[in-house]
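Asker: Dropping a structure here in structure tokens format, bear with me for questions.
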Amino acid sequence: MIIKLCWLFIFFASTHCQSLQSVSDDELLQFIKEEEKLIVLFSKQNCDVCDKFEKTLDGLYEDFQKHLNAATVKAVNSHLARLYSPTKEPAVVFFRHGVPLLYDGEPDENEIYGFLEKNQSPAVKELTDKIFEHMTQAATGATTGDWFVMFYGASCVECQRLHAVWEGVGATLRGRINLARVDANLAGANTAKRFKVTKLPAFLFFRLGKVYRYDLPKNDIKSFVSFAQDWYKNSKAEAVPLLSSPFDELVDWCVEMIRYSIAFGLKILARYPWIWQIGVLGFGLVAITALIAIIKAGKSKPKSVKKDKQTQSKKSK
């Protein structure tokens, strides 16, 4: 009887200790693709803080399954950690239908569970050229509240690394400040042009008809939240530009085409210098021919005038 109890104790203990399944990068990508909700601990060896987070998540394992319907796994020394957390391990990332949310807090059971429970849906909205002004009302009253917008691009690696961070900012400011993203290269190209966004990622804070450009050195959750709450007052306030009219867009298009044509022409001339040499020679020949024609015309004109005077004098006699 005692032996059976010992075996049962060992079984339950081993089952509890193995509740956080360790997965490889390939397995993790498959989990993210298949699971509706997934909690991942990015950890590394010989890390005391990582062990504290693992112990905390291990204690919440059953609650996550029962109340959030979320699986929990850990990835040790994963190459994917840098993609979701700029500071790497340890990092707790909550995937909701593949959308990552970075937890930025202490390894406390109540704090972690409360944060994830409140943010089971994404906090960041995706805006395009068509709906940007309607949603934000940046230039038409700002009645929808303040907006903190990240301009990103699909080919921008740093932008992809900040996706989970930006969701963390949105989760922290949920209910107080609206968080959004705009694809500056595709669906939001005109909006990026409107606000003169030339470098990605870019972060613009819209408040009461003014726009403030994020200029802090760190791209972490605490810095973004601090800027949106108060630090923006230390940045230069710019008036929100009005939407361009069709005529303005036509003029801008013409200017861009002229610039492109000039740049293309200079590129061709730099690659094939004989073209401009022939052009200069041809222009020179035309100029010389025109000059000769002008000179000849100037010499022949007085003679004709003189002949006209002689005929007139003969008639008068």
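Residue names in the structure tokens use chain letters A, B, ... in the order shown, residue numbers from 1 in each chain, and ligand numbers from 1 in the order shown.
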Pull the strand (DSSP E) assignments for region 99-164 of chain A out of DSSP run on the backbone, and list those residues as a list of chain:residue names.
Answerer: A:Val99, A:Pro100, A:Leu101, A:Leu102, A:Val124, A:Lys125, A:Glu126, A:Leu127, A:Trp147, A:Phe148, A:Val149, A:Met150, A:Phe151, A:Tyr152
Asker: Please provide as a PyMOL selection string all residues within 7 Å of region 99-103 of chain A, with the sequence filter that same-chain residues fewer than 4 positions apart are discarded (counting only C-alpha atoms).
Answerer: chain A and resi 92-95+164-165+167-168
Asker: Would you export the selected residues with C-alpha atoms as a short mmCIF file (atom, residue, chain, number, x, y, z; two decimals), in the first residue's frame, please?
Answerer:
```
data_model
loop_
_atom_site.label_atom_id
_atom_site.label_comp_id
_atom_site.auth_asym_id
_atom_site.auth_seq_id
_atom_site.Cartn_x
_atom_site.Cartn_y
_atom_site.Cartn_z
CA VAL A 92 6.23 35.93 -21.84
CA VAL A 93 4.31 36.28 -25.11
CA PHE A 94 0.58 35.70 -25.49
CA PHE A 95 -0.51 34.73 -29.02
CA ALA A 164 4.52 42.26 -29.80
CA VAL A 165 5.88 45.35 -28.03
CA GLU A 167 0.53 45.21 -28.66
CA GLY A 168 1.92 45.46 -25.13
#
```
Asker: Neighbours of Thr87 (chain A) within 12 Å (only C-alpha atoms; same-chain residues fewer than 2 positions away dropped), as a count of residues only?
Answerer: 20
Asker: Give me the residues within 12 Å of Gly98 (chain A) as a VMD selection string, counting only C-alpha atoms and dropping any in the same chain fewer than 2 places off.
Answerer: chain A and resid 28 to 40 84 93 to 96 100 to 101 120 to 122 163 to 164
Asker: Expressed in Å to a single decimal, how great is the separation between CA of Asp25 (chain A) and CA of Leu80 (chain A)?
Answerer: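 Those two atoms sit 7.0 Å apart.
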Asker: As a VMD selection string, list the residues of region 25-244 of chain A assigned to alpha helix (DSSP H) by DSSP on the backbone atoms of this structure.
Answerer: chain A and resid 25 to 34 48 to 63 81 to 84 109 to 118 132 to 136 157 to 161 163 to 172 189 to 194 221 to 229
Asker: How close does region 134-169 of chain A get to region 207-212 of chain A? List, as JSON lines, each residue of region 134-169 of chain A within 12 Å, its nearest atom pair and the distance in Å to one decimal, counting only C-alpha atoms.
Answerer:
```
{"residue": "A:Thr136", "atom": "CA", "partner": "A:Arg207", "partner_atom": "CA", "distance": 9.7}
{"residue": "A:Gln137", "atom": "CA", "partner": "A:Gly209", "partner_atom": "CA", "distance": 8.5}
{"residue": "A:Ala138", "atom": "CA", "partner": "A:Gly209", "partner_atom": "CA", "distance": 5.7}
{"residue": "A:Ala139", "atom": "CA", "partner": "A:Gly209", "partner_atom": "CA", "distance": 5.6}
{"residue": "A:Thr140", "atom": "CA", "partner": "A:Gly209", "partner_atom": "CA", "distance": 7.6}
{"residue": "A:Gly141", "atom": "CA", "partner": "A:Gly209", "partner_atom": "CA", "distance": 6.8}
{"residue": "A:Ala142", "atom": "CA", "partner": "A:Leu208", "partner_atom": "CA", "distance": 5.7}
{"residue": "A:Thr143", "atom": "CA", "partner": "A:Leu208", "partner_atom": "CA", "distance": 8.5}
{"residue": "A:Thr144", "atom": "CA", "partner": "A:Leu208", "partner_atom": "CA", "distance": 10.1}
{"residue": "A:Gly145", "atom": "CA", "partner": "A:Arg207", "partner_atom": "CA", "distance": 7.4}
{"residue": "A:Asp146", "atom": "CA", "partner": "A:Arg207", "partner_atom": "CA", "distance": 4.9}
{"residue": "A:Trp147", "atom": "CA", "partner": "A:Arg207", "partner_atom": "CA", "distance": 6.8}
{"residue": "A:Phe148", "atom": "CA", "partner": "A:Arg207", "partner_atom": "CA", "distance": 8.8}
{"residue": "A:Val149", "atom": "CA", "partner": "A:Val211", "partner_atom": "CA", "distance": 10.3}
```
Asker: Would you mind exporting N, CA and C atoms of the selected residues as a tab-separated table (two decimals), in the first residue's frame?
Answerer:
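Output saved as again.tsv:
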```tsv
chain	number	residue	atom	x	y	z
A	136	THR	N	-9.59	58.25	-36.71
A	136	THR	CA	-8.83	59.10	-35.79
A	136	THR	C	-9.39	60.51	-35.68
A	137	GLN	N	-10.01	61.00	-36.78
A	137	GLN	CA	-10.48	62.39	-36.84
A	137	GLN	C	-9.36	63.35	-36.44
A	138	ALA	N	-8.16	63.03	-36.90
A	138	ALA	CA	-6.97	63.79	-36.52
A	138	ALA	C	-7.08	65.26	-36.89
A	139	ALA	N	-7.71	65.55	-38.04
A	139	ALA	CA	-7.79	66.95	-38.50
A	139	ALA	C	-9.21	67.50	-38.44
A	140	THR	N	-10.15	66.70	-37.94
A	140	THR	CA	-11.55	67.13	-37.98
A	140	THR	C	-12.24	67.04	-36.62
A	141	GLY	N	-11.51	67.36	-35.55
A	141	GLY	CA	-12.17	67.43	-34.25
A	141	GLY	C	-11.63	66.53	-33.17
A	142	ALA	N	-11.01	65.40	-33.56
A	142	ALA	CA	-10.41	64.47	-32.59
A	142	ALA	C	-11.41	64.01	-31.53
A	143	THR	N	-12.66	63.77	-31.95
A	143	THR	CA	-13.68	63.35	-30.99
A	143	THR	C	-13.56	61.88	-30.59
A	144	THR	N	-12.73	61.12	-31.31
A	144	THR	CA	-12.56	59.70	-30.98
A	144	THR	C	-11.44	59.48	-29.97
A	145	GLY	N	-10.83	60.57	-29.48
A	145	GLY	CA	-9.78	60.45	-28.47
A	145	GLY	C	-8.39	60.55	-29.05
A	146	ASP	N	-7.40	60.33	-28.20
A	146	ASP	CA	-6.00	60.40	-28.62
A	146	ASP	C	-5.62	59.10	-29.32
A	147	TRP	N	-4.69	59.22	-30.27
A	147	TRP	CA	-4.24	58.06	-31.04
A	147	TRP	C	-2.72	58.02	-31.07
A	148	PHE	N	-2.17	56.84	-30.84
A	148	PHE	CA	-0.73	56.60	-30.94
A	148	PHE	C	-0.56	55.60	-32.08
A	149	VAL	N	0.10	56.04	-33.16
A	149	VAL	CA	0.14	55.25	-34.39
A	149	VAL	C	1.56	54.88	-34.75
```
Asker: Show me, as a list in words, the residues that have an atom within 9 Å of Ala192 (chain A) when counting only C-alpha atoms, minus same-chain residues fewer than 5 positions from it.
Answerer: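 The residues satisfying every condition are Asp129, Phe151, Val182, Asp183, Ala184, Asn185, Val197 and Thr198 of chain A.
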Asker: Save out the residues we just selected, N, CA, C and O atoms, as a CSV table (one decimal), in the first residue's frame.
Answerer:
```
chain,number,residue,atom,x,y,z
A,129,ASP,N,-5.5,54.0,-45.6
A,129,ASP,CA,-5.7,55.4,-46.1
A,129,ASP,C,-7.2,55.7,-46.1
A,129,ASP,O,-7.7,56.8,-45.9
A,151,PHE,N,3.9,53.5,-37.8
A,151,PHE,CA,4.0,53.3,-39.2
A,151,PHE,C,5.1,52.3,-39.5
A,151,PHE,O,6.2,52.4,-39.0
A,182,VAL,N,-0.1,51.4,-39.2
A,182,VAL,CA,-0.4,51.8,-40.6
A,182,VAL,C,0.8,51.2,-41.4
A,182,VAL,O,1.9,51.5,-41.2
A,183,ASP,N,0.4,50.5,-42.5
A,183,ASP,CA,1.4,50.0,-43.4
A,183,ASP,C,1.8,51.1,-44.4
A,183,ASP,O,1.1,51.5,-45.3
A,184,ALA,N,3.0,51.7,-44.1
A,184,ALA,CA,3.4,52.9,-44.9
A,184,ALA,C,3.8,52.6,-46.3
A,184,ALA,O,3.9,53.6,-47.1
A,185,ASN,N,3.9,51.4,-46.7
A,185,ASN,CA,4.3,51.0,-48.1
A,185,ASN,C,3.1,50.6,-48.9
A,185,ASN,O,3.2,50.7,-50.2
A,197,VAL,N,6.3,60.8,-43.3
A,197,VAL,CA,7.0,59.6,-42.7
A,197,VAL,C,8.0,59.1,-43.8
A,197,VAL,O,7.5,58.6,-44.8
A,198,THR,N,9.2,59.2,-43.5
A,198,THR,CA,10.3,58.8,-44.5
A,198,THR,C,11.1,57.7,-44.0
A,198,THR,O,11.8,57.0,-44.7
```
Asker: For Met150 (chain A), work out the shell of residues within 7 Å, counting only C-alpha atoms and skipping chain neighbours fewer than 5 positions away, then give it as a PyMOL selection string.
Answerer: chain A and resi 180-182+201-204
Asker: Could you work out how far CA of Phe205 (chain A) lies from CA of Lys130 (chain A), giving the answer in Å with one decimal?
Answerer: 19.4 Å
Asker: Using only C-alpha atoms for the distances, tell me which of A:Gln160, A:Asn69, A:Asn46, A:Asn178 is nearest to Ala123 (chain A).
Answerer: A:Asn178
Asker: Ranking A:Cys156, A:Val76, A:Leu216, A:Ile131 by minimum distance to Asn190 (chain A) and counting only C-alpha atoms, which one comes first?
Answerer: A:Ile131
Asker: So the first atom is CA of Thr56 (chain A) and the second is CA of Ala171 (chain A); what is the distance between them in Å, to one decimal place?
Answerer: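 Spanning CA of Thr56 (chain A) to CA of Ala171 (chain A) is a straight-line distance of 20.9 Å.
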Asker: Using only C-alpha atoms, which of A:Leu60, A:Ser155, A:Leu41, A:Asp230 sits nearest Leu200 (chain A)?
Answerer: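 Among the listed residues, A:Ser155 lies closest to Leu200 (chain A).
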